[in-house]
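Enquirer: Next up, work-v3.cif (mmCIF, C-alpha atoms).
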```
data_protein
#
loop_
_atom_site.label_atom_id
_atom_site.label_comp_id
_atom_site.auth_asym_id
_atom_site.auth_seq_id
_atom_site.Cartn_x
_atom_site.Cartn_y
_atom_site.Cartn_z
CA MET A 1 24.77 -8.32 2.65
CA PRO A 2 23.92 -11.26 4.94
CA LEU A 3 20.58 -12.93 5.55
CA THR A 4 18.58 -10.66 7.83
CA ASP A 5 16.03 -13.02 9.36
CA LEU A 6 14.95 -16.64 9.66
CA GLY A 7 16.16 -19.43 7.39
CA THR A 8 14.14 -20.44 4.34
CA ASP A 9 12.51 -23.49 5.93
CA ASP A 10 11.34 -21.48 8.94
CA LEU A 11 10.08 -18.63 6.73
CA VAL A 12 7.92 -20.87 4.55
CA GLY A 13 6.02 -22.08 7.61
CA TYR A 14 6.03 -18.83 9.57
CA ARG A 15 2.46 -18.07 10.61
CA PRO A 16 2.27 -15.97 13.78
CA GLN A 17 -0.77 -15.67 15.97
CA LEU A 18 -3.21 -12.99 14.85
CA THR A 19 -3.69 -9.99 17.14
CA ALA A 20 -6.45 -8.15 15.27
CA PRO A 21 -8.70 -6.08 17.56
CA SER A 22 -12.24 -7.34 18.00
CA ASP A 23 -13.61 -4.18 16.37
CA PHE A 24 -11.14 -4.19 13.45
CA ASP A 25 -13.82 -4.62 10.78
CA ALA A 26 -16.21 -2.17 12.42
CA PHE A 27 -13.42 0.42 12.69
CA TRP A 28 -12.68 0.26 8.98
CA HIS A 29 -16.34 0.11 7.96
CA ARG A 30 -16.97 3.30 9.92
CA THR A 31 -13.82 4.97 8.61
CA LEU A 32 -14.67 4.36 4.96
CA ALA A 33 -18.35 5.24 5.41
CA GLU A 34 -17.31 8.60 6.85
CA ALA A 35 -14.90 9.25 3.98
CA ARG A 36 -17.53 8.43 1.38
CA SER A 37 -20.05 10.75 3.04
CA TYR A 38 -18.16 13.85 1.87
CA ASP A 39 -19.14 15.50 -1.37
CA GLY A 40 -16.56 15.56 -4.08
CA THR A 41 -16.04 14.61 -7.69
CA VAL A 42 -13.18 13.01 -9.54
CA LYS A 43 -11.44 15.48 -11.85
CA ALA A 44 -9.00 14.67 -14.65
CA GLU A 45 -7.13 17.21 -16.74
CA ARG A 46 -4.93 16.32 -19.69
CA VAL A 47 -1.25 17.12 -19.13
CA THR A 48 -0.38 18.95 -22.32
CA SER A 49 3.33 19.08 -21.47
CA ALA A 50 3.39 15.29 -21.92
CA HIS A 51 2.79 15.62 -25.69
CA LEU A 52 6.37 14.56 -26.35
CA LEU A 53 5.53 11.13 -24.95
CA HIS A 54 4.36 9.70 -28.26
CA THR A 55 3.01 6.41 -26.88
CA VAL A 56 1.25 7.54 -23.69
CA GLU A 57 -1.43 10.00 -22.60
CA VAL A 58 -1.23 11.54 -19.12
CA ASP A 59 -4.01 13.06 -17.01
CA ASP A 60 -3.54 14.94 -13.75
CA VAL A 61 -6.25 13.48 -11.49
CA ARG A 62 -7.77 14.72 -8.24
CA PHE A 63 -10.18 12.57 -6.25
CA PRO A 64 -11.71 12.93 -2.75
CA GLY A 65 -9.89 11.02 -0.02
CA TRP A 66 -9.89 11.18 3.76
CA ASN A 67 -12.18 13.93 5.04
CA GLY A 68 -12.98 14.80 1.42
CA ASP A 69 -9.44 16.14 0.92
CA PRO A 70 -8.35 16.16 -2.74
CA VAL A 71 -5.73 13.50 -3.44
CA ALA A 72 -3.45 13.80 -6.46
CA ALA A 73 -2.72 11.00 -8.93
CA TRP A 74 -1.37 10.49 -12.43
CA LEU A 75 -3.42 8.53 -14.92
CA LEU A 76 -1.31 7.09 -17.72
CA ARG A 77 -2.64 5.03 -20.63
CA PRO A 78 -1.52 4.04 -24.11
CA ARG A 79 -2.10 6.88 -26.53
CA GLY A 80 -5.18 6.27 -28.65
CA ALA A 81 -6.16 3.08 -26.83
CA GLU A 82 -9.82 2.13 -26.93
CA GLY A 83 -11.20 1.23 -23.54
CA PRO A 84 -12.17 -0.07 -21.26
CA LEU A 85 -8.62 -0.85 -20.16
CA PRO A 86 -7.51 -2.90 -17.18
CA VAL A 87 -6.00 -0.49 -14.67
CA VAL A 88 -3.08 -0.89 -12.28
CA VAL A 89 -3.54 1.32 -9.21
CA THR A 90 -0.08 1.98 -7.79
CA TYR A 91 0.84 3.05 -4.26
CA ILE A 92 4.21 4.56 -3.38
CA GLY A 93 7.02 3.66 -0.96
CA TYR A 94 7.76 5.51 2.26
CA SER A 95 8.68 9.20 2.00
CA GLY A 96 7.83 9.32 -1.71
CA GLY A 97 5.00 10.74 -3.77
CA ARG A 98 3.63 10.26 -7.25
CA GLY A 99 6.72 11.94 -8.71
CA LEU A 100 6.69 12.66 -12.45
CA PRO A 101 4.71 10.85 -15.15
CA THR A 102 7.98 9.74 -16.76
CA ASP A 103 8.73 7.74 -13.61
CA HIS A 104 5.84 5.40 -14.44
CA LEU A 105 5.90 4.20 -18.05
CA PHE A 106 6.08 0.40 -17.72
CA TRP A 107 2.39 -0.44 -17.41
CA SER A 108 1.22 1.85 -20.20
CA ALA A 109 3.92 0.34 -22.42
CA ALA A 110 2.35 -3.05 -21.69
CA GLY A 111 -1.11 -1.80 -22.69
CA TYR A 112 -2.56 -1.08 -19.25
CA ALA A 113 -3.88 2.12 -17.74
CA GLN A 114 -2.12 3.09 -14.52
CA LEU A 115 -3.34 5.32 -11.69
CA VAL A 116 -0.35 6.44 -9.60
CA VAL A 117 -1.57 7.68 -6.21
CA ASP A 118 0.23 10.41 -4.29
CA SER A 119 0.91 9.77 -0.59
CA ARG A 120 -0.51 12.51 1.61
CA GLY A 121 2.18 14.50 3.35
CA GLN A 122 4.92 12.44 1.73
CA GLY A 123 4.37 13.59 -1.84
CA HIS A 124 4.41 17.22 -2.91
CA ASP A 125 0.84 17.41 -4.22
CA THR A 126 -1.31 16.05 -1.38
CA PRO A 127 -0.78 17.76 2.00
CA ASP A 128 -1.68 16.02 5.25
CA ARG A 129 -3.82 18.74 6.78
CA THR A 130 -4.97 16.55 9.66
CA THR A 131 -2.32 15.53 12.18
CA GLY A 132 -4.37 13.99 14.99
CA ASP A 133 -3.24 15.22 18.38
CA GLY A 134 0.23 16.09 17.12
CA THR A 135 1.86 12.99 18.60
CA GLN A 136 5.02 12.43 16.61
CA TRP A 137 8.56 11.21 17.16
CA ALA A 138 11.75 11.08 15.11
CA GLY A 139 10.44 13.35 12.38
CA GLY A 140 8.75 10.72 10.21
CA PHE A 141 5.22 9.46 9.64
CA MET A 142 5.33 6.24 11.66
CA THR A 143 4.44 7.90 14.96
CA ARG A 144 2.20 10.69 13.68
CA GLY A 145 -0.98 10.43 15.75
CA ILE A 146 0.06 7.03 17.12
CA ASP A 147 -1.73 7.75 20.40
CA SER A 148 -4.90 6.12 19.02
CA PRO A 149 -6.25 4.36 15.90
CA GLU A 150 -8.55 7.33 15.21
CA ASN A 151 -5.62 9.76 15.04
CA TYR A 152 -3.00 7.57 13.37
CA TYR A 153 -1.55 8.79 10.08
CA TYR A 154 -2.10 5.50 8.26
CA ARG A 155 -5.84 5.70 8.86
CA ARG A 156 -5.85 8.69 6.55
CA LEU A 157 -3.43 7.27 3.98
CA ILE A 158 -5.15 3.89 3.72
CA THR A 159 -8.49 5.66 3.30
CA ASP A 160 -7.02 7.69 0.43
CA CYS A 161 -5.84 4.47 -1.20
CA VAL A 162 -9.26 2.82 -1.01
CA ARG A 163 -10.86 5.95 -2.40
CA ALA A 164 -8.49 5.71 -5.37
CA VAL A 165 -10.17 2.42 -6.27
CA ASP A 166 -13.54 4.14 -5.87
CA ALA A 167 -12.33 6.81 -8.31
CA VAL A 168 -11.65 4.29 -11.08
CA ALA A 169 -15.39 3.94 -11.74
CA GLU A 170 -15.61 7.68 -12.51
CA LEU A 171 -12.67 7.83 -14.91
CA PRO A 172 -13.60 7.15 -18.56
CA GLY A 173 -11.88 4.39 -20.48
CA LEU A 174 -11.08 2.21 -17.45
CA ASP A 175 -12.54 -1.21 -16.66
CA PRO A 176 -13.72 -1.30 -13.01
CA ARG A 177 -13.93 -5.10 -13.24
CA ARG A 178 -10.18 -5.37 -13.87
CA ILE A 179 -8.53 -3.34 -11.14
CA VAL A 180 -5.07 -4.46 -10.06
CA VAL A 181 -3.58 -2.89 -6.93
CA SER A 182 0.20 -2.72 -6.64
CA GLY A 183 3.13 -1.22 -4.81
CA GLY A 184 6.46 -1.88 -3.16
CA SER A 185 7.49 -1.48 0.49
CA GLN A 186 4.96 0.99 1.97
CA GLY A 187 3.09 0.66 -1.32
CA GLY A 188 3.00 -3.10 -0.79
CA GLY A 189 1.47 -2.73 2.65
CA LEU A 190 -1.10 -0.31 1.25
CA THR A 191 -1.83 -2.82 -1.51
CA LEU A 192 -2.73 -5.46 1.08
CA ALA A 193 -4.96 -3.00 2.94
CA VAL A 194 -6.88 -2.07 -0.20
CA ALA A 195 -7.16 -5.71 -1.32
CA ALA A 196 -8.99 -6.34 1.95
CA LEU A 197 -11.05 -3.16 2.26
CA ALA A 198 -12.13 -3.13 -1.41
CA ALA A 199 -12.22 -6.90 -1.83
CA ASP A 200 -15.34 -6.76 -4.00
CA ARG A 201 -13.59 -4.57 -6.61
CA VAL A 202 -9.97 -5.73 -6.66
CA ALA A 203 -9.24 -8.31 -9.36
CA ALA A 204 -5.61 -8.94 -8.34
CA ALA A 205 -2.95 -7.64 -5.97
CA LEU A 206 0.82 -7.20 -6.42
CA PRO A 207 2.47 -6.42 -3.05
CA ASP A 208 6.27 -6.26 -3.35
CA VAL A 209 8.49 -6.56 -0.25
CA PRO A 210 5.54 -5.15 1.73
CA PHE A 211 6.06 -2.82 4.65
CA LEU A 212 3.48 -2.28 7.46
CA CYS A 213 3.29 -6.04 8.19
CA HIS A 214 3.64 -7.87 11.51
CA PHE A 215 4.45 -4.68 13.43
CA ARG A 216 4.95 -6.47 16.75
CA ARG A 217 7.93 -8.37 15.34
CA ALA A 218 9.18 -5.76 12.91
CA VAL A 219 9.74 -3.04 15.50
CA GLN A 220 11.87 -5.43 17.59
CA ILE A 221 14.18 -6.85 14.92
CA THR A 222 14.55 -4.13 12.27
CA GLY A 223 17.48 -1.77 12.43
CA GLU A 224 17.06 0.15 9.18
CA GLY A 225 14.29 2.13 7.53
CA PRO A 226 11.10 3.50 9.09
CA TYR A 227 10.34 0.83 11.73
CA PRO A 228 13.05 2.21 14.08
CA GLU A 229 11.03 5.43 14.31
CA ILE A 230 8.53 3.45 16.39
CA ALA A 231 11.28 1.76 18.42
CA GLU A 232 12.81 5.12 19.24
CA TYR A 233 9.43 6.47 20.30
CA LEU A 234 8.90 3.48 22.59
CA ARG A 235 12.43 3.78 23.96
CA TRP A 236 11.40 7.06 25.54
CA HIS A 237 7.85 6.04 26.45
CA SER A 238 8.39 2.41 27.36
CA ARG A 239 6.85 2.56 30.82
CA ASP A 240 3.31 3.40 29.84
CA ARG A 241 2.81 3.27 26.07
CA VAL A 242 4.18 0.02 24.65
CA GLU A 243 1.00 -2.04 24.62
CA ARG A 244 -1.14 0.99 23.81
CA THR A 245 1.06 1.73 20.80
CA LEU A 246 1.13 -1.86 19.57
CA ALA A 247 -2.65 -2.00 19.98
CA THR A 248 -2.96 1.03 17.70
CA LEU A 249 -0.69 -0.58 15.10
CA ASP A 250 -2.82 -3.74 15.09
CA TYR A 251 -5.52 -1.81 13.22
CA PHE A 252 -3.10 -1.13 10.35
CA ASP A 253 -1.18 -4.40 10.15
CA GLY A 254 -0.88 -5.99 6.72
CA VAL A 255 -1.18 -9.43 8.29
CA HIS A 256 -4.70 -8.60 9.47
CA PHE A 257 -5.62 -7.14 6.10
CA ALA A 258 -4.20 -10.20 4.32
CA ARG A 259 -6.50 -12.41 6.38
CA ARG A 260 -9.44 -10.54 4.81
CA ALA A 261 -8.25 -10.33 1.19
CA THR A 262 -9.45 -12.79 -1.43
CA ALA A 263 -8.15 -11.58 -4.82
CA PRO A 264 -5.38 -13.51 -6.58
CA VAL A 265 -2.11 -12.20 -5.17
CA LEU A 266 1.53 -12.18 -6.23
CA PHE A 267 3.88 -11.29 -3.37
CA SER A 268 7.61 -10.76 -3.58
CA VAL A 269 10.15 -11.11 -0.79
CA ALA A 270 13.89 -10.44 -0.58
CA LEU A 271 15.77 -12.68 1.86
CA MET A 272 18.49 -10.08 2.53
CA ASP A 273 16.06 -7.22 3.10
CA PRO A 274 17.16 -5.16 6.15
CA ILE A 275 14.10 -2.88 6.07
CA CYS A 276 11.14 -5.26 5.66
CA PRO A 277 12.32 -8.52 7.26
CA PRO A 278 11.30 -11.62 5.28
CA SER A 279 9.41 -13.10 8.25
CA THR A 280 7.08 -10.10 8.28
CA VAL A 281 6.33 -10.63 4.58
CA TYR A 282 5.73 -14.35 5.04
CA ALA A 283 3.48 -13.59 8.02
CA ALA A 284 1.14 -11.73 5.66
CA TYR A 285 1.53 -14.27 2.86
CA ASN A 286 0.82 -17.28 5.05
CA HIS A 287 -2.27 -15.63 6.52
CA TYR A 288 -3.59 -14.47 3.14
CA ARG A 289 -7.18 -15.63 2.80
CA GLY A 290 -7.37 -16.03 -0.98
CA GLU A 291 -6.42 -19.43 -2.37
CA ASP A 292 -4.62 -18.11 -5.46
CA ARG A 293 -1.42 -16.81 -3.88
CA THR A 294 2.12 -16.88 -5.21
CA MET A 295 5.44 -15.78 -3.73
CA THR A 296 8.39 -14.61 -5.81
CA VAL A 297 11.57 -15.11 -3.77
CA TRP A 298 14.74 -13.12 -4.39
CA PRO A 299 17.33 -15.06 -2.34
CA PHE A 300 20.06 -12.41 -2.55
CA GLY A 301 17.77 -9.41 -2.86
CA ASP A 302 17.89 -6.44 -0.52
CA HIS A 303 14.99 -4.01 -0.09
CA GLY A 304 14.92 -3.47 -3.85
CA GLY A 305 13.70 -7.04 -4.22
CA GLY A 306 14.12 -8.15 -7.81
CA TYR A 307 14.58 -4.62 -9.16
CA GLY A 308 14.00 -4.59 -12.93
CA SER A 309 13.52 -8.36 -13.05
CA ASN A 310 10.28 -8.18 -11.10
CA PRO A 311 7.87 -6.30 -13.44
CA PRO A 312 8.10 -8.93 -16.22
CA VAL A 313 7.24 -11.60 -13.62
CA GLN A 314 4.17 -9.59 -12.62
CA LEU A 315 3.17 -9.08 -16.25
CA SER A 316 3.32 -12.80 -17.03
CA TRP A 317 1.39 -13.62 -13.86
CA LEU A 318 -1.42 -11.22 -14.79
CA HIS A 319 -1.61 -12.63 -18.33
CA GLU A 320 -1.98 -16.14 -16.90
CA ARG A 321 -5.02 -14.92 -14.96
CA GLY A 322 -6.76 -13.33 -17.90
CA LEU A 323 -5.97 -9.78 -16.89
CA ALA A 324 -4.11 -8.78 -20.03
CA PRO A 325 -5.27 -5.81 -22.13
CA GLU A 326 -6.85 -6.60 -25.47
CA LEU A 327 -4.52 -5.84 -28.35
#
```
Could you write out this file's structure as structure tokens?
Expert:
Amino acid sequence: MPLTDLGTDDLVGYRPQLTAPSDFDAFWHRTLAEARSYDGTVKAERVTSAHLLHTVEVDDVRFPGWNGDPVAAWLLRPRGAEGPLPVVVTYIGYSGGRGLPTDHLFWSAAGYAQLVVDSRGQGHDTPDRTTGDGTQWAGGFMTRGIDSPENYYYRRLITDCVRAVDAVAELPGLDPRRIVVSGGSQGGGLTLAVAALAADRVAAALPDVPFLCHFRRAVQITGEGPYPEIAEYLRWHSRDRVERTLATLDYFDGVHFARRATAPVLFSVALMDPICPPSTVYAAYNHYRGEDRTMTVWPFGDHGGGYGSNPPVQLSWLHERGLAPEL
């Protein structure tokens, strides 16, 4: 697979002009205030079928998200561990959900608690009951409600992800002072959004090959994955909706969230990634507001980044920052 984007020297210095709307912060303040105004409690029920996992305990969690809708998550933690434990809140890649508990055993094996958040409409356990005005193209989620920021699908999903961090405080045995947000691809873009919108509660962020970054470039140069859903939509509505659509996407761009995030951050980028072009990742990285920022580069990596080599890098990085569980 060839290089998919700019050369290394150009990537390191790539810092595009910001296009955040003037009411970006007000929009998200209002969105989250509305979500938090709904009644709802966090519920956790032990998964008894997981008793054969001798080293981990699993709870099936429901917490209120967008519009008070219940959002599903798995909570995994080392069996018999005494809290409070640092917790890794994990967001999922495009078209996926929380899956099965056995899909997520790394962090509990390392002594952490992990909250794995379902993606509304994409996972099987959290339906997307609200669909805006029905605007959609190409059958995916990228154009669902794209007519306006208020209707756009990612307004709902990002809200769910912030509310997952809110839920940590109500789950026993977790340390709300040591919340790490993480995810790859779509999950990486969601990680950047939460690091910005819950900046006072996020202790560290781990966005891997993040999606949802630098939309204005990504939709023009990307030929694989979800970004072409937007390009196809604009192909048929190019006369009157291009700028309107890009203006909607500006409210959800990881570059604009990165500019507002302050927690220590460990990015990863793959230089042969055909789905999340490296320049879009570096755009977010180079605009990241926090001073403690690190980039792991996989020179021959595709969209899988470093695959199984990446989690040990993350683990070491967290230990260096005092975010290791007590043994």
Enquirer: So which one's closest to Tyr154 (chain A), A:Glu243, A:Asp208, A:Asp23, A:Asp253? Using all atoms listed in the file, please.
Expert: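 Result for the nearest residue to Tyr154 (chain A): A:Asp253.
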Enquirer: Starting from the shown file, work through the PyMOL selection byres ((chain A and resi 96-101) around 10) and note down what comes out as an MDAnalysis selection string.
Expert: chainID A and resid 47 50 53 56:60 72:76 90:95 102:105 115:126 186:187
Enquirer: Using only C-alpha atoms, find each residue of region 81-189 of chain A with at least one atom at most 10 Å away from an atom of region 284-304 of chain A; report its shortest atom-to-atom pair and that distance in Å (one decimal), sort the rows by chain and rising residue number, and return the result as a Markdown table.
Expert:
```
| residue | atom | partner | partner_atom | distance |
| --- | --- | --- | --- | --- |
| A:Gly184 | CA | A:Gly304 | CA | 8.6 |
| A:Ser185 | CA | A:His303 | CA | 7.9 |
| A:Gly189 | CA | A:Ala284 | CA | 9.5 |
```
Enquirer: What are the closest atom pairs, with distances in Å to one decimal, for each residue of region 148-215 of chain A lying within 9 Å of region 27-40 of chain A, using all atoms listed in the file, rows by chain and rising residue number, as JSON lines?
Expert:
```
{"residue": "A:Pro149", "atom": "CA", "partner": "A:Phe27", "partner_atom": "CA", "distance": 8.8}
{"residue": "A:Glu150", "atom": "CA", "partner": "A:Thr31", "partner_atom": "CA", "distance": 8.8}
{"residue": "A:Arg155", "atom": "CA", "partner": "A:Thr31", "partner_atom": "CA", "distance": 8.0}
{"residue": "A:Thr159", "atom": "CA", "partner": "A:Leu32", "partner_atom": "CA", "distance": 6.5}
{"residue": "A:Asp160", "atom": "CA", "partner": "A:Ala35", "partner_atom": "CA", "distance": 8.8}
{"residue": "A:Val162", "atom": "CA", "partner": "A:Leu32", "partner_atom": "CA", "distance": 8.2}
{"residue": "A:Arg163", "atom": "CA", "partner": "A:Arg36", "partner_atom": "CA", "distance": 8.1}
{"residue": "A:Leu197", "atom": "CA", "partner": "A:Trp28", "partner_atom": "CA", "distance": 7.7}
```
Enquirer: Quick one: which residues end up in the PyMOL selection byres ((chain A and resi 12) around 10) for this structure, as JSON, numbers by chain?
Expert: {"A": [6, 7, 8, 9, 10, 11, 13, 14, 15, 278, 279, 282, 283, 285, 286]}
Enquirer: Which residues fall under the PyMOL selection byres ((chain A and resi 326) around 12) in this file, as a list in words?
Expert: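 Matching residues under the PyMOL selection byres ((chain A and resi 326) around 12) are Pro78, Ala81, Glu82, Gly83, Pro84, Leu85, Pro86, Ala110, Gly111, Tyr112, Asp175, His319, Gly322, Leu323, Ala324, Pro325 and Leu327 of chain A.
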Enquirer: Using the atoms already present, construct N, CA and C atoms for region 13-28 of chain A and hand them back as a compact mmCIF listing (two decimals), in the frame of the given file.
Expert:
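Output contents, as saved in rebuild25.txt:
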```txt
# COMPACT_ATOMS: atom_id res chain seq x y z
N GLY A 13 7.07 -21.68 6.69
CA GLY A 13 6.02 -22.08 7.61
C GLY A 13 5.68 -21.05 8.66
N TYR A 14 6.22 -19.82 8.52
CA TYR A 14 6.03 -18.83 9.57
C TYR A 14 4.62 -18.26 9.52
N ARG A 15 3.86 -18.50 10.57
CA ARG A 15 2.46 -18.07 10.61
C ARG A 15 2.12 -17.65 12.04
N PRO A 16 2.46 -16.40 12.40
CA PRO A 16 2.27 -15.97 13.78
C PRO A 16 0.81 -15.86 14.16
N GLN A 17 0.58 -15.84 15.45
CA GLN A 17 -0.77 -15.67 15.97
C GLN A 17 -1.31 -14.30 15.59
N LEU A 18 -2.57 -14.25 15.20
CA LEU A 18 -3.21 -12.99 14.85
C LEU A 18 -3.53 -12.19 16.11
N THR A 19 -3.38 -10.87 16.01
CA THR A 19 -3.69 -9.99 17.14
C THR A 19 -4.65 -8.88 16.72
N ALA A 20 -5.50 -9.16 15.74
CA ALA A 20 -6.45 -8.15 15.27
C ALA A 20 -7.42 -7.78 16.39
N PRO A 21 -7.72 -6.49 16.55
CA PRO A 21 -8.70 -6.08 17.56
C PRO A 21 -10.08 -6.62 17.22
N SER A 22 -10.90 -6.79 18.22
CA SER A 22 -12.24 -7.34 18.00
C SER A 22 -13.10 -6.43 17.14
N ASP A 23 -12.82 -5.13 17.16
CA ASP A 23 -13.61 -4.18 16.37
C ASP A 23 -12.88 -3.75 15.10
N PHE A 24 -11.92 -4.54 14.64
CA PHE A 24 -11.14 -4.19 13.45
C PHE A 24 -12.04 -3.90 12.26
N ASP A 25 -12.96 -4.80 11.95
CA ASP A 25 -13.82 -4.62 10.78
C ASP A 25 -14.77 -3.45 10.97
N ALA A 26 -15.31 -3.30 12.16
CA ALA A 26 -16.21 -2.17 12.42
C ALA A 26 -15.47 -0.84 12.30
N PHE A 27 -14.24 -0.80 12.78
CA PHE A 27 -13.42 0.42 12.69
C PHE A 27 -13.26 0.84 11.24
N TRP A 28 -12.91 -0.09 10.36
CA TRP A 28 -12.68 0.26 8.98
C TRP A 28 -13.98 0.52 8.23
```
